[in-house]
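Engineer: Pasting data_4.cif here (mmCIF, C-alpha atoms):
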```
data_final
#
loop_
_atom_site.label_atom_id
_atom_site.label_comp_id
_atom_site.auth_asym_id
_atom_site.auth_seq_id
_atom_site.Cartn_x
_atom_site.Cartn_y
_atom_site.Cartn_z
CA MET H 1 -4.00 9.81 -46.16
CA ALA H 2 -3.55 12.03 -43.15
CA LEU H 3 -6.75 10.60 -41.72
CA TYR H 4 -5.27 7.10 -41.69
CA SER H 5 -1.91 7.95 -40.25
CA ARG H 6 -3.10 9.08 -36.79
CA PRO H 7 -4.79 5.91 -35.56
CA ARG H 8 -1.90 3.95 -37.00
CA THR H 9 0.77 5.82 -35.01
CA THR H 10 -1.38 5.50 -31.88
CA ARG H 11 -1.67 1.78 -32.39
CA LEU H 12 2.06 1.48 -33.00
CA LEU H 13 2.70 3.45 -29.80
CA VAL H 14 0.38 1.25 -27.75
CA VAL H 15 1.84 -1.95 -29.19
CA SER H 16 5.38 -0.81 -28.38
CA LEU H 17 4.40 0.19 -24.82
CA VAL H 18 2.73 -3.20 -24.32
CA MET H 19 5.83 -4.97 -25.63
CA LEU H 20 7.99 -2.87 -23.30
CA SER H 21 5.78 -3.83 -20.31
CA LEU H 22 5.95 -7.51 -21.25
CA LEU H 23 9.72 -7.25 -21.60
CA THR H 24 9.98 -5.63 -18.15
CA ILE H 25 7.80 -8.35 -16.63
CA THR H 26 9.95 -11.07 -18.19
CA VAL H 27 13.28 -9.49 -17.23
CA ASP H 28 12.15 -8.89 -13.65
CA TYR H 29 10.52 -12.30 -13.32
CA ARG H 30 13.65 -14.13 -14.43
CA GLY H 31 16.27 -11.78 -12.95
CA GLY H 32 15.12 -11.71 -9.33
CA ARG H 33 16.87 -9.36 -6.94
CA ALA H 34 19.62 -7.90 -9.09
CA GLY H 35 20.17 -5.70 -12.07
CA PRO H 36 19.17 -2.24 -13.22
CA LEU H 37 15.47 -2.69 -12.36
CA GLU H 38 16.30 -2.98 -8.65
CA THR H 39 18.30 0.26 -8.74
CA MET H 40 15.38 2.05 -10.37
CA GLY H 41 13.03 0.54 -7.81
CA GLU H 42 15.24 1.86 -5.02
CA GLY H 43 15.08 5.33 -6.58
CA ALA H 44 11.29 5.28 -6.84
CA LEU H 45 11.01 4.04 -3.25
CA SER H 46 13.33 6.82 -1.98
CA VAL H 47 11.34 9.59 -3.68
CA VAL H 48 7.91 8.31 -2.60
CA GLY H 49 9.21 7.48 0.90
CA ALA H 50 10.53 11.02 1.42
CA LEU H 51 7.15 12.46 0.36
CA GLN H 52 5.27 9.99 2.58
CA GLY H 53 7.42 11.02 5.54
CA ALA H 54 6.69 14.70 4.92
CA VAL H 55 2.94 14.10 4.48
CA SER H 56 2.58 12.00 7.63
CA ARG H 57 4.61 14.56 9.65
CA VAL H 58 2.31 17.34 8.43
CA SER H 59 -0.98 15.45 8.66
CA ARG H 60 -0.58 14.39 12.31
CA PRO H 61 -0.36 17.91 13.86
CA ILE H 62 -3.22 19.06 11.58
CA GLY H 63 -5.38 16.22 12.91
CA ASN H 64 -4.49 17.26 16.47
CA PHE H 65 -5.35 20.89 15.70
CA PHE H 66 -8.82 19.96 14.45
CA THR H 67 -9.43 17.72 17.47
CA GLY H 68 -8.59 20.78 19.59
CA LEU H 69 -10.99 23.02 17.65
CA ALA H 70 -13.83 20.52 18.02
CA HIS H 71 -13.60 20.71 21.81
CA VAL H 72 -13.62 24.49 21.79
CA GLY H 73 -16.93 24.64 19.90
CA SER H 74 -19.02 24.08 23.04
CA LEU H 75 -17.60 27.13 24.79
CA ARG H 76 -18.93 29.72 22.37
CA ALA H 77 -20.27 31.93 25.16
CA GLU H 78 -16.83 32.64 26.52
CA ASN H 79 -15.02 35.73 25.36
CA ASP H 80 -12.43 35.70 22.56
CA ARG H 81 -9.41 35.79 24.74
CA LEU H 82 -10.53 32.82 26.80
CA LYS H 83 -11.47 30.99 23.66
CA ALA H 84 -8.04 31.49 22.21
CA GLN H 85 -6.43 30.34 25.43
CA LEU H 86 -8.65 27.32 25.61
CA ARG H 87 -7.93 26.41 22.01
CA GLU H 88 -4.27 26.59 22.69
CA ALA H 89 -4.68 24.45 25.79
CA HIS H 90 -6.66 21.85 23.88
CA VAL H 91 -4.13 21.69 21.10
CA LYS H 92 -1.47 21.21 23.75
CA ALA H 93 -3.55 18.53 25.44
CA ALA H 94 -4.07 16.72 22.15
CA GLU H 95 -0.36 16.99 21.51
CA SER H 96 0.48 15.62 24.92
CA THR H 97 -1.90 12.66 24.53
CA THR H 98 -0.16 11.87 21.26
CA LYS H 99 3.17 12.21 23.05
CA ASP H 100 1.93 10.07 25.94
CA ARG H 101 0.83 7.37 23.54
CA ARG H 102 4.18 7.47 21.79
CA LEU H 103 5.98 7.30 25.11
CA ARG H 104 3.92 4.29 26.19
CA GLU H 105 4.63 2.61 22.86
CA LEU H 106 8.36 3.26 23.19
CA GLN H 107 8.38 1.94 26.78
CA GLN H 108 6.64 -1.20 25.61
CA LEU H 109 9.15 -1.58 22.78
CA LEU H 110 12.03 -1.24 25.21
CA LYS H 111 10.49 -3.87 27.49
CA MET H 112 10.07 -6.23 24.53
CA LYS H 113 13.66 -5.64 23.47
CA GLU H 114 14.93 -6.48 26.97
CA GLN H 115 12.66 -9.51 27.27
CA LEU H 116 13.91 -10.98 24.02
CA SER H 117 17.47 -9.89 24.83
CA LEU H 118 17.99 -8.58 21.31
CA ARG H 119 21.45 -7.22 20.83
CA ARG H 120 21.10 -4.55 18.15
CA THR H 121 17.91 -2.94 17.00
CA VAL H 122 16.89 0.17 15.05
CA THR H 123 13.78 2.12 16.08
CA ALA H 124 11.75 3.28 13.09
CA THR H 125 8.46 5.10 12.49
CA VAL H 126 5.77 3.90 10.08
CA ILE H 127 5.31 6.53 7.36
CA GLY H 128 2.91 4.85 4.96
CA VAL H 129 1.31 1.67 3.71
CA SER H 130 1.35 -0.21 0.40
CA VAL H 131 -0.22 1.53 -2.60
CA SER H 132 -1.93 -1.74 -3.53
CA ASN H 133 -5.09 -3.29 -2.12
CA PHE H 134 -3.57 -6.74 -2.51
CA GLU H 135 -0.43 -6.27 -0.44
CA TRP H 136 -0.13 -5.80 3.31
CA THR H 137 3.10 -3.87 3.76
CA VAL H 138 4.19 -0.72 5.61
CA ASN H 139 6.98 1.75 4.84
CA LEU H 140 9.46 2.77 7.55
CA ASP H 141 11.50 5.98 7.77
CA LYS H 142 14.85 4.14 8.12
CA GLY H 143 16.73 2.24 5.44
CA SER H 144 20.08 0.85 4.40
CA ALA H 145 21.81 3.99 5.76
CA ASP H 146 20.83 2.70 9.24
CA ARG H 147 22.13 -0.78 8.43
CA ILE H 148 18.70 -2.22 7.69
CA LYS H 149 18.85 -5.11 5.23
CA VAL H 150 16.29 -7.29 3.44
CA ASP H 151 14.90 -10.19 5.54
CA MET H 152 15.50 -8.52 8.94
CA PRO H 153 12.68 -9.20 11.42
CA VAL H 154 10.52 -6.31 12.65
CA ILE H 155 8.70 -6.24 16.00
CA SER H 156 6.37 -3.87 17.84
CA GLY H 157 5.65 -3.56 21.57
CA ASP H 158 2.98 -6.27 21.18
CA GLY H 159 4.90 -8.82 19.17
CA LEU H 160 5.99 -9.83 15.68
CA VAL H 161 5.19 -7.38 12.87
CA GLY H 162 6.90 -8.93 9.85
CA HIS H 163 10.16 -8.76 7.92
CA VAL H 164 11.90 -6.30 5.63
CA VAL H 165 11.36 -7.05 1.93
CA ASN H 166 12.86 -3.98 0.26
CA VAL H 167 15.28 -1.21 1.26
CA ALA H 168 16.40 2.15 -0.09
CA PRO H 169 18.92 4.42 1.72
CA HIS H 170 16.28 6.10 3.93
CA VAL H 171 13.14 3.98 3.48
CA SER H 172 12.36 0.32 3.94
CA VAL H 173 9.33 -1.82 3.16
CA VAL H 174 8.09 -4.37 5.70
CA GLN H 175 5.82 -7.25 4.76
CA LEU H 176 3.34 -7.76 7.62
CA ILE H 177 2.60 -11.25 8.94
CA ILE H 178 -1.07 -10.75 7.91
CA ASP H 179 -0.03 -10.64 4.22
CA PRO H 180 -1.28 -13.86 2.55
CA ASP H 181 2.22 -14.31 1.11
CA SER H 182 3.80 -14.38 4.60
CA ALA H 183 4.58 -17.62 6.43
CA VAL H 184 6.24 -17.77 9.88
CA ALA H 185 7.34 -20.85 11.81
CA GLY H 186 5.35 -20.69 15.07
CA ARG H 187 5.40 -22.68 18.31
CA LEU H 188 2.61 -23.15 20.86
CA SER H 189 4.10 -21.80 24.08
CA SER H 190 2.90 -24.46 26.53
CA SER H 191 2.81 -27.67 24.45
CA GLY H 192 5.83 -26.78 22.34
CA GLU H 193 4.16 -28.04 19.13
CA THR H 194 5.20 -26.22 15.96
CA GLY H 195 3.34 -25.16 12.82
CA LEU H 196 3.32 -22.65 9.99
CA VAL H 197 1.54 -19.33 10.65
CA ILE H 198 0.06 -17.91 7.44
CA GLY H 199 -1.45 -14.43 6.95
CA GLN H 200 -5.14 -14.15 6.04
CA ARG H 201 -5.44 -10.38 5.44
CA ASN H 202 -7.93 -8.85 7.86
CA HIS H 203 -9.08 -12.25 9.10
CA PRO H 204 -7.41 -14.17 11.95
CA LEU H 205 -4.05 -15.78 11.11
CA THR H 206 -4.05 -19.55 10.57
CA MET H 207 -1.48 -21.99 11.94
CA ASP H 208 -1.21 -25.05 9.72
CA LEU H 209 0.62 -28.37 9.88
CA VAL H 210 0.12 -28.81 13.64
CA ASN H 211 0.43 -32.36 15.02
CA PRO H 212 -3.17 -33.76 15.21
CA ASN H 213 -2.51 -35.24 18.66
CA ALA H 214 -1.27 -31.96 20.09
CA ASN H 215 -3.06 -30.67 23.15
CA VAL H 216 -4.04 -27.10 22.30
CA ALA H 217 -5.72 -24.84 24.82
CA ALA H 218 -7.91 -21.85 23.96
CA ASN H 219 -6.08 -18.51 24.34
CA GLU H 220 -2.72 -20.27 24.36
CA GLN H 221 0.07 -18.01 23.17
CA VAL H 222 1.93 -18.72 19.93
CA VAL H 223 5.51 -17.48 19.59
CA THR H 224 8.13 -17.69 16.85
CA ALA H 225 9.87 -21.07 16.73
CA GLY H 226 13.29 -19.60 15.94
CA TYR H 227 14.83 -22.40 13.91
CA GLN H 228 18.58 -22.37 13.38
CA GLY H 229 19.23 -20.24 10.32
CA GLY H 230 15.61 -19.04 10.24
CA LEU H 231 14.48 -15.45 9.73
CA TYR H 232 13.07 -14.73 13.17
CA PRO H 233 14.66 -15.00 16.63
CA PRO H 234 12.78 -17.32 19.03
CA GLU H 235 10.07 -16.37 21.57
CA ILE H 236 8.59 -13.31 19.83
CA PRO H 237 4.80 -13.33 20.49
CA ILE H 238 2.70 -13.82 17.31
CA GLY H 239 -0.85 -14.23 18.61
CA PHE H 240 -3.33 -16.21 20.69
CA VAL H 241 -5.31 -19.37 19.80
CA SER H 242 -8.93 -18.47 19.07
CA HIS H 243 -10.30 -21.49 17.19
CA ILE H 244 -9.13 -25.07 16.54
CA TYR H 245 -10.35 -27.37 13.76
CA THR H 246 -9.28 -30.15 11.40
CA ARG H 247 -9.86 -29.52 7.71
CA PRO H 248 -11.79 -32.41 6.09
CA GLY H 249 -9.30 -34.80 4.51
CA SER H 250 -6.33 -33.17 6.25
CA LEU H 251 -3.93 -35.13 8.44
CA THR H 252 -2.96 -32.09 10.51
CA LYS H 253 -4.73 -29.63 12.76
CA THR H 254 -5.42 -26.02 11.78
CA ILE H 255 -5.54 -23.31 14.42
CA GLU H 256 -6.90 -19.79 14.07
CA LEU H 257 -4.90 -17.06 15.83
CA THR H 258 -5.78 -13.55 16.91
CA PRO H 259 -2.67 -11.45 16.18
CA ALA H 260 -0.93 -10.02 19.27
CA GLY H 261 -0.72 -6.50 17.82
CA ASP H 262 -3.09 -4.17 15.98
CA PHE H 263 -1.75 -3.80 12.46
CA SER H 264 -3.91 -0.81 11.53
CA ALA H 265 -2.43 1.34 14.31
CA LEU H 266 1.29 0.66 13.94
CA GLU H 267 3.41 3.70 14.68
CA VAL H 268 6.81 2.84 16.15
CA VAL H 269 8.58 -0.47 15.48
CA LEU H 270 11.95 -2.10 16.08
CA VAL H 271 13.99 -3.59 13.28
CA VAL H 272 16.17 -6.39 14.67
CA VAL H 273 19.62 -5.89 13.17
CA ARG H 274 21.27 -8.60 15.27
CA SER H 275 19.58 -10.91 17.77
CA MET I 276 8.75 19.31 -20.97
CA ARG I 277 6.17 21.29 -19.03
CA ARG I 278 3.72 18.47 -19.74
CA VAL I 279 6.06 15.80 -18.39
CA VAL I 280 6.78 17.76 -15.20
CA LEU I 281 3.09 18.52 -14.54
CA TRP I 282 1.98 14.94 -15.07
CA SER I 283 4.82 13.54 -12.96
CA VAL I 284 3.71 15.78 -10.11
CA VAL I 285 0.11 14.56 -10.49
CA VAL I 286 1.11 10.88 -10.50
CA LEU I 287 3.45 11.28 -7.51
CA THR I 288 0.76 13.12 -5.54
CA ALA I 289 -1.69 10.34 -6.37
CA LEU I 290 0.73 7.65 -5.14
CA VAL I 291 1.58 9.47 -1.91
CA LEU I 292 -2.04 10.27 -1.05
CA GLN I 293 -3.06 6.69 -1.79
CA SER I 294 -0.52 5.30 0.67
CA THR I 295 -0.90 7.86 3.49
CA LEU I 296 -4.17 9.78 3.73
CA PHE I 297 -6.47 7.32 1.94
CA ALA I 298 -5.03 4.38 3.88
CA GLN I 299 -6.92 5.81 6.86
CA ILE I 300 -10.12 6.68 4.96
CA SER I 301 -10.86 3.27 3.45
CA LEU I 302 -14.11 1.93 2.00
CA GLY I 303 -14.76 -1.61 3.25
CA GLY I 304 -11.02 -2.01 3.87
CA THR I 305 -9.98 -0.90 0.38
CA LYS I 306 -8.09 2.19 -0.72
CA PRO I 307 -8.87 4.05 -3.94
CA GLU I 308 -6.54 3.51 -6.92
CA LEU I 309 -5.70 7.11 -7.72
CA VAL I 310 -3.17 6.25 -10.45
CA TYR I 311 -5.94 4.38 -12.29
CA LEU I 312 -8.22 7.38 -11.81
CA VAL I 313 -5.64 9.83 -13.19
CA THR I 314 -4.94 7.61 -16.22
CA ILE I 315 -8.63 7.14 -17.02
CA VAL I 316 -9.53 10.82 -16.68
CA LEU I 317 -6.52 11.85 -18.77
CA ALA I 318 -7.39 9.32 -21.50
CA PHE I 319 -10.97 10.55 -21.37
CA LEU I 320 -9.87 14.15 -21.93
CA GLU I 321 -6.83 13.78 -24.18
CA GLY I 322 -7.39 10.64 -26.24
CA PRO I 323 -5.87 7.18 -26.60
CA SER I 324 -2.19 8.00 -27.16
CA SER I 325 -1.87 10.35 -24.17
CA GLY I 326 -3.85 7.85 -22.10
CA ALA I 327 -1.55 4.99 -23.06
CA VAL I 328 1.65 6.96 -22.36
CA ALA I 329 0.40 8.31 -19.00
CA GLY I 330 -0.84 4.85 -18.04
CA PHE I 331 2.49 3.25 -18.91
CA ALA I 332 4.52 5.83 -16.95
CA GLY I 333 2.22 5.92 -13.90
CA GLY I 334 1.92 2.13 -13.87
CA MET I 335 5.68 1.71 -14.06
CA VAL I 336 6.22 3.98 -11.02
CA GLU I 337 3.54 2.12 -9.06
CA ASP I 338 5.14 -1.20 -10.09
CA PHE I 339 8.45 -0.17 -8.57
CA LEU I 340 6.73 0.26 -5.20
CA LEU I 341 5.11 -3.18 -5.24
CA ASN I 342 6.42 -6.60 -4.42
CA LEU I 343 5.24 -8.09 -7.74
CA PRO I 344 7.12 -8.60 -11.01
CA LYS I 345 7.56 -5.08 -12.38
CA GLY I 346 5.57 -4.16 -15.48
CA ILE I 347 2.19 -5.68 -14.62
CA THR I 348 0.55 -2.39 -13.64
CA ALA I 349 2.28 -0.62 -16.56
CA LEU I 350 0.78 -3.19 -18.96
CA THR I 351 -2.67 -2.84 -17.38
CA LEU I 352 -2.72 0.93 -17.39
CA THR I 353 -1.35 1.22 -20.97
CA LEU I 354 -4.30 -0.86 -22.14
CA VAL I 355 -6.79 0.93 -19.86
CA GLY I 356 -5.61 4.34 -21.12
CA TYR I 357 -5.80 3.26 -24.75
CA ALA I 358 -9.19 1.58 -24.36
CA VAL I 359 -10.81 4.51 -22.53
CA GLY I 360 -9.37 7.03 -25.02
CA SER I 361 -10.56 4.98 -28.00
CA ILE I 362 -14.05 4.26 -26.72
CA ARG I 363 -14.47 7.88 -25.69
CA GLN I 364 -14.30 8.96 -29.36
CA PHE I 365 -17.50 7.07 -30.08
CA VAL I 366 -19.51 8.29 -27.10
CA VAL I 367 -21.31 11.56 -27.50
CA SER I 368 -23.07 12.25 -24.26
CA PRO I 369 -23.11 15.60 -22.51
CA SER I 370 -24.07 13.92 -19.22
CA PRO I 371 -21.88 14.98 -16.28
CA LEU I 372 -22.29 11.43 -14.97
CA LEU I 373 -20.35 9.98 -17.90
CA PRO I 374 -16.86 10.41 -16.34
CA VAL I 375 -18.10 8.87 -13.09
CA VAL I 376 -19.42 5.77 -14.86
CA VAL I 377 -16.33 5.51 -17.08
CA VAL I 378 -13.93 5.78 -14.12
CA GLY I 379 -15.86 3.20 -12.05
CA THR I 380 -16.13 0.64 -14.85
CA ALA I 381 -12.60 1.09 -16.16
CA THR I 382 -11.06 0.85 -12.66
CA THR I 383 -12.88 -2.40 -11.87
CA THR I 384 -12.00 -3.91 -15.27
CA GLY I 385 -8.39 -2.78 -14.95
CA ILE I 386 -7.92 -4.29 -11.49
CA LEU I 387 -9.47 -7.59 -12.61
CA PHE I 388 -7.12 -7.66 -15.62
CA ASN I 389 -4.15 -6.79 -13.40
CA GLN I 390 -4.93 -9.63 -11.00
CA ILE I 391 -5.43 -12.10 -13.86
CA VAL I 392 -1.92 -11.29 -15.11
CA ALA I 393 -0.59 -11.67 -11.54
CA PHE I 394 -2.36 -15.04 -11.34
CA LEU I 395 -0.81 -16.19 -14.63
CA LEU I 396 2.62 -15.37 -13.17
CA GLY I 397 1.78 -17.29 -10.00
CA GLN I 398 1.75 -14.13 -7.88
CA LEU I 399 -1.86 -14.12 -6.68
CA HIS I 400 -2.17 -14.93 -2.98
CA VAL I 401 -5.84 -14.16 -2.38
CA GLY I 402 -9.00 -15.95 -3.55
CA ALA I 403 -11.03 -15.04 -6.66
CA GLY I 404 -13.97 -13.85 -4.55
CA GLU I 405 -11.75 -11.41 -2.67
CA VAL I 406 -10.29 -10.07 -5.95
CA VAL I 407 -13.78 -9.39 -7.34
CA ARG I 408 -14.89 -7.75 -4.07
CA VAL I 409 -11.82 -5.47 -3.94
CA ALA I 410 -12.12 -4.63 -7.66
CA LEU I 411 -15.79 -3.62 -7.27
CA LEU I 412 -15.20 -1.60 -4.08
CA THR I 413 -12.18 0.20 -5.55
CA GLY I 414 -14.20 0.97 -8.71
CA MET I 415 -16.95 2.44 -6.54
CA TYR I 416 -14.48 4.44 -4.44
CA ASN I 417 -12.80 5.86 -7.56
CA ALA I 418 -16.22 6.72 -9.03
CA VAL I 419 -17.15 8.59 -5.83
CA LEU I 420 -13.88 10.56 -5.95
CA THR I 421 -14.30 11.46 -9.64
CA PRO I 422 -16.59 14.51 -9.19
CA ILE I 423 -13.96 16.01 -6.83
CA LEU I 424 -10.81 15.10 -8.77
CA PHE I 425 -12.07 15.38 -12.37
CA PRO I 426 -12.06 19.22 -12.40
CA VAL I 427 -8.59 19.29 -10.84
CA ILE I 428 -7.15 16.90 -13.42
CA ARG I 429 -8.92 18.77 -16.24
CA ARG I 430 -7.25 22.00 -15.14
CA VAL I 431 -3.83 20.35 -15.18
CA ALA I 432 -4.62 18.89 -18.62
CA GLU I 433 -5.57 22.30 -19.95
CA ALA I 434 -2.51 23.95 -18.43
CA SER I 435 -0.22 21.31 -19.92
CA ARG I 436 -1.57 21.55 -23.44
CA ALA I 437 0.71 23.31 -25.90
CA LYS I 438 -0.49 26.84 -26.41
CA LYS I 439 -1.74 27.41 -29.92
CA VAL I 440 0.04 30.26 -31.61
CA PHE I 441 -1.76 32.04 -34.38
CA ARG I 442 0.29 34.14 -36.76
CA TRP I 443 -1.03 36.29 -39.47
#
```
Taking this structure as input, can you express it in the form of structure tokens?
Structural biologist:
Amino acid sequence: MALYSRPRTTRLLVVSLVMLSLLTITVDYRGGRAGPLETMGEGALSVVGALQGAVSRVSRPIGNFFTGLAHVGSLRAENDRLKAQLREAHVKAAESTTKDRRLRELQQLLKMKEQLSLRRTVTATVIGVSVSNFEWTVNLDKGSADRIKVDMPVISGDGLVGHVVNVAPHVSVVQLIIDPDSAVAGRLSSSGETGLVIGQRNHPLTMDLVNPNANVAANEQVVTAGYQGGLYPPEIPIGFVSHIYTRPGSLTKTIELTPAGDFSALEVVLVVVRS
Amino acid sequence: MRRVVLWSVVVLTALVLQSTLFAQISLGGTKPELVYLVTIVLAFLEGPSSGAVAGFAGGMVEDFLLNLPKGITALTLTLVGYAVGSIRQFVVSPSPLLPVVVVGTATTTGILFNQIVAFLLGQLHVGAGEVVRVALLTGMYNAVLTPILFPVIRRVAEASRAKKVFRW
């Protein structure tokens, strides 16, 4: 009898867990953005976000330290004191290049902010990326405590980054414009024709629904259209035209765009609180 | 209690590493799925019920960090944990390669299942070819990481087991 009871309790356990998962899926699918699940999600995001922040703060100086050590290796003949001094100098140099880069990024951000005449923005640092291989999002170190809300646009010194999709008090999640689920209303800067810019993961962005008679030049800049009541303010750079074609059977033109910014090296961004 | 705390620490570490360190060390643009790896190794060592519970809990935490309907990863990992734990009871092989093969296969199968559920809910935004490519690469990446992480997870599993008390 005892031999039978064990597999049976295991099976019962698994069946109840599966039912619980299915129930969660259903509740979340139908409920949308409200209810107890969102509160729990906020909690999970806060905990993981805090840890991500700590890890990225620790891992950057360690990386710099090792870069410093690598340079010192070639000077083995020098005496210990000089070596130590040199190591210190290299670490400092690595640190200052990091600082220089950050400074340049911040200057660029400031320029972008002035150019777009955005009224209120929050500067935030990228602390991590999505845990999934099927989502292109980044986590920022600022959240609802800094007045960041869902749907606020996010820009970098190069151009549009994406929009906020989830916030906790001190963390927020930004969906990048390269996410296949992202769609932005774009406008060709010289012809003024509009279209829908859709993310294609690591491939160039595509701009769909463009007037087939539009005159599109190679390398032409595409900026946000900024419709009344839309998510994004106008004139934020999205990318540059790299390829133009008409899909067979389609009545509109499709344009491939090279994104204006590098999404794998994002570090400092601006969240537009009010434009 | 000790068990719950230890395993929570392991799952949280897996999630944080996956989204910070391993985002920079990617294989063909994919990150490893460390929560899958932890669930599979635990099921492999401790059997189907522990595997299912760990998979459910780890999956639920991961779900709360994603932009999909919550519960999909929990469902996947409950089944993965149960399946690996059950099949394990019928495999008697002393080969040290066994965990590597099990982790690789189970990760790929799990991700494919996960994406099929996402597709059924209308939440899949990439093509089928891309899903298969990512599933295979992630399976490979997890398999490569297994020889390094398996001993670590085994130590935690041993530490979390209730101590047997003999009285006479």
Engineer: When the PyMOL selection byres ((chain I and resi 339-350) around 6) is applied to the structure above, which residues does it catch, written out as a ChimeraX atom specification?
Structural biologist: /H:18,21,24-25,28-29,41 /I:331,334-338,351-353
Engineer: Would you mind exporting the chosen residues as an mmCIF file, in the frame of the given file, restricted to C-alpha atoms?
Structural biologist:
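And here is the file that came out, result.cif:
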```cif
data_model
loop_
_atom_site.group_PDB
_atom_site.id
_atom_site.type_symbol
_atom_site.label_atom_id
_atom_site.label_comp_id
_atom_site.auth_asym_id
_atom_site.auth_seq_id
_atom_site.Cartn_x
_atom_site.Cartn_y
_atom_site.Cartn_z
ATOM 1 C CA VAL H 18 2.730 -3.200 -24.320
ATOM 2 C CA SER H 21 5.780 -3.830 -20.310
ATOM 3 C CA THR H 24 9.980 -5.630 -18.150
ATOM 4 C CA ILE H 25 7.800 -8.350 -16.630
ATOM 5 C CA ASP H 28 12.150 -8.890 -13.650
ATOM 6 C CA TYR H 29 10.520 -12.300 -13.320
ATOM 7 C CA GLY H 41 13.030 0.540 -7.810
ATOM 8 C CA PHE I 331 2.490 3.250 -18.910
ATOM 9 C CA GLY I 334 1.920 2.130 -13.870
ATOM 10 C CA MET I 335 5.680 1.710 -14.060
ATOM 11 C CA VAL I 336 6.220 3.980 -11.020
ATOM 12 C CA GLU I 337 3.540 2.120 -9.060
ATOM 13 C CA ASP I 338 5.140 -1.200 -10.090
ATOM 14 C CA THR I 351 -2.670 -2.840 -17.380
ATOM 15 C CA LEU I 352 -2.720 0.930 -17.390
ATOM 16 C CA THR I 353 -1.350 1.220 -20.970
#
```
Engineer: Of the candidates H:Val91, H:Leu17, H:Val184, H:Ile244, which shows the shortest atom-to-atom distance to chain I, using all atoms listed in the file?
Structural biologist: H:Leu17
Engineer: Within 9 Å of H:Val164, counting only C-alpha atoms, which residues show up once you throw out same-chain ones fewer than 3 positions away? Write them as a list in words, please.
Structural biologist: Ile148, Lys149, Val150, Asp151, Met152, Pro153, Val154, Val167, Ser172, Val173, Val174, Gln175, Leu176 and Val271 of chain H
Engineer: Name the residues in contact with I:Thr383 at a cut-off of 9 Å, using all atoms listed in the file, excluding same-chain residues fewer than 5 positions from it; report them as a list of chain:residue names.
Structural biologist: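 Residues near the query, excluding close chain neighbours: I:Val378, I:Phe388, I:Val407, I:Val409, I:Ala410, I:Leu411, I:Leu412, I:Thr413, I:Gly414, I:Met415.
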Engineer: I'd like the neighbourhood of I:Leu317 as a PDB file with C-alpha atoms, keeping the file's coordinate frame, where a residue qualifies if any of its atoms comes within 8 Å (using all atoms listed in the file), though same-chain residues fewer than 5 positions away should be ignored.
Structural biologist:
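Saved the output as result_19.pdb:
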```pdb
ATOM      1  CA  GLY I 322      -7.390  10.640 -26.240  1.00  0.00           C
ATOM      2  CA  SER I 325      -1.870  10.350 -24.170  1.00  0.00           C
ATOM      3  CA  GLY I 326      -3.850   7.850 -22.100  1.00  0.00           C
ATOM      4  CA  ALA I 329       0.400   8.310 -19.000  1.00  0.00           C
ATOM      5  CA  GLY I 356      -5.610   4.340 -21.120  1.00  0.00           C
ATOM      6  CA  ILE I 428      -7.150  16.900 -13.420  1.00  0.00           C
ATOM      7  CA  ARG I 429      -8.920  18.770 -16.240  1.00  0.00           C
ATOM      8  CA  ALA I 432      -4.620  18.890 -18.620  1.00  0.00           C
TER       9      ALA I 432
END
```
Engineer: Grab the atom CA of H:Leu45 to atom CA of H:Val171 distance for me, in Å with one decimal place.
Structural biologist: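 Interatomic distance, atom CA of H:Leu45 to atom CA of H:Val171: 7.1 Å.
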Engineer: List, as number ranges by chain, every residue that the PyMOL selection byres ((chain H and resi 134) around 12) selects in the file provided.
Structural biologist: H: 129-133, 135-137, 175, 178-181, 200-202; I: 304-306, 308, 341-343, 386-387, 389-390, 393, 398-403, 405-410, 413
Engineer: Starting from the PyMOL selection byres ((chain H and resi 123) around 6), expand the selection into actual residues of this file and give them as a PyMOL selection string.
Structural biologist: chain H and resi 122+124+269-270
Engineer: In terms of the shortest atom-to-atom distance over only C-alpha atoms, which of I:Ala381, I:Ala358, I:Ala434, I:Val367 is closest to H:Val14?
Structural biologist: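 That would be I:Ala358, the residue with the smallest distance to H:Val14.
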Engineer: Closest to I:Pro422 among I:Leu312, I:Leu290, I:Ile300, I:Val284, using all atoms listed in the file?
Structural biologist: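 Looking only at the distances to I:Pro422, the closest residue turns out to be I:Leu312.
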Engineer: From (16.8, -11.3, 23.0), in the file's coordinates, out to 12 Å: which residues are reached, counting all atoms listed in the file? Answer as a compact mmCIF listing (two decimals) with C-alpha atoms, in the coordinates of the input.
Structural biologist:
```
# COMPACT_ATOMS: atom_id res chain seq x y z
CA LEU H 110 12.03 -1.24 25.21
CA LYS H 111 10.49 -3.87 27.49
CA MET H 112 10.07 -6.23 24.53
CA LYS H 113 13.66 -5.64 23.47
CA GLU H 114 14.93 -6.48 26.97
CA GLN H 115 12.66 -9.51 27.27
CA LEU H 116 13.91 -10.98 24.02
CA SER H 117 17.47 -9.89 24.83
CA LEU H 118 17.99 -8.58 21.31
CA ARG H 119 21.45 -7.22 20.83
CA ARG H 120 21.10 -4.55 18.15
CA THR H 121 17.91 -2.94 17.00
CA ILE H 155 8.70 -6.24 16.00
CA GLY H 226 13.29 -19.60 15.94
CA TYR H 232 13.07 -14.73 13.17
CA PRO H 233 14.66 -15.00 16.63
CA PRO H 234 12.78 -17.32 19.03
CA GLU H 235 10.07 -16.37 21.57
CA ILE H 236 8.59 -13.31 19.83
CA VAL H 272 16.17 -6.39 14.67
CA VAL H 273 19.62 -5.89 13.17
CA ARG H 274 21.27 -8.60 15.27
CA SER H 275 19.58 -10.91 17.77
```
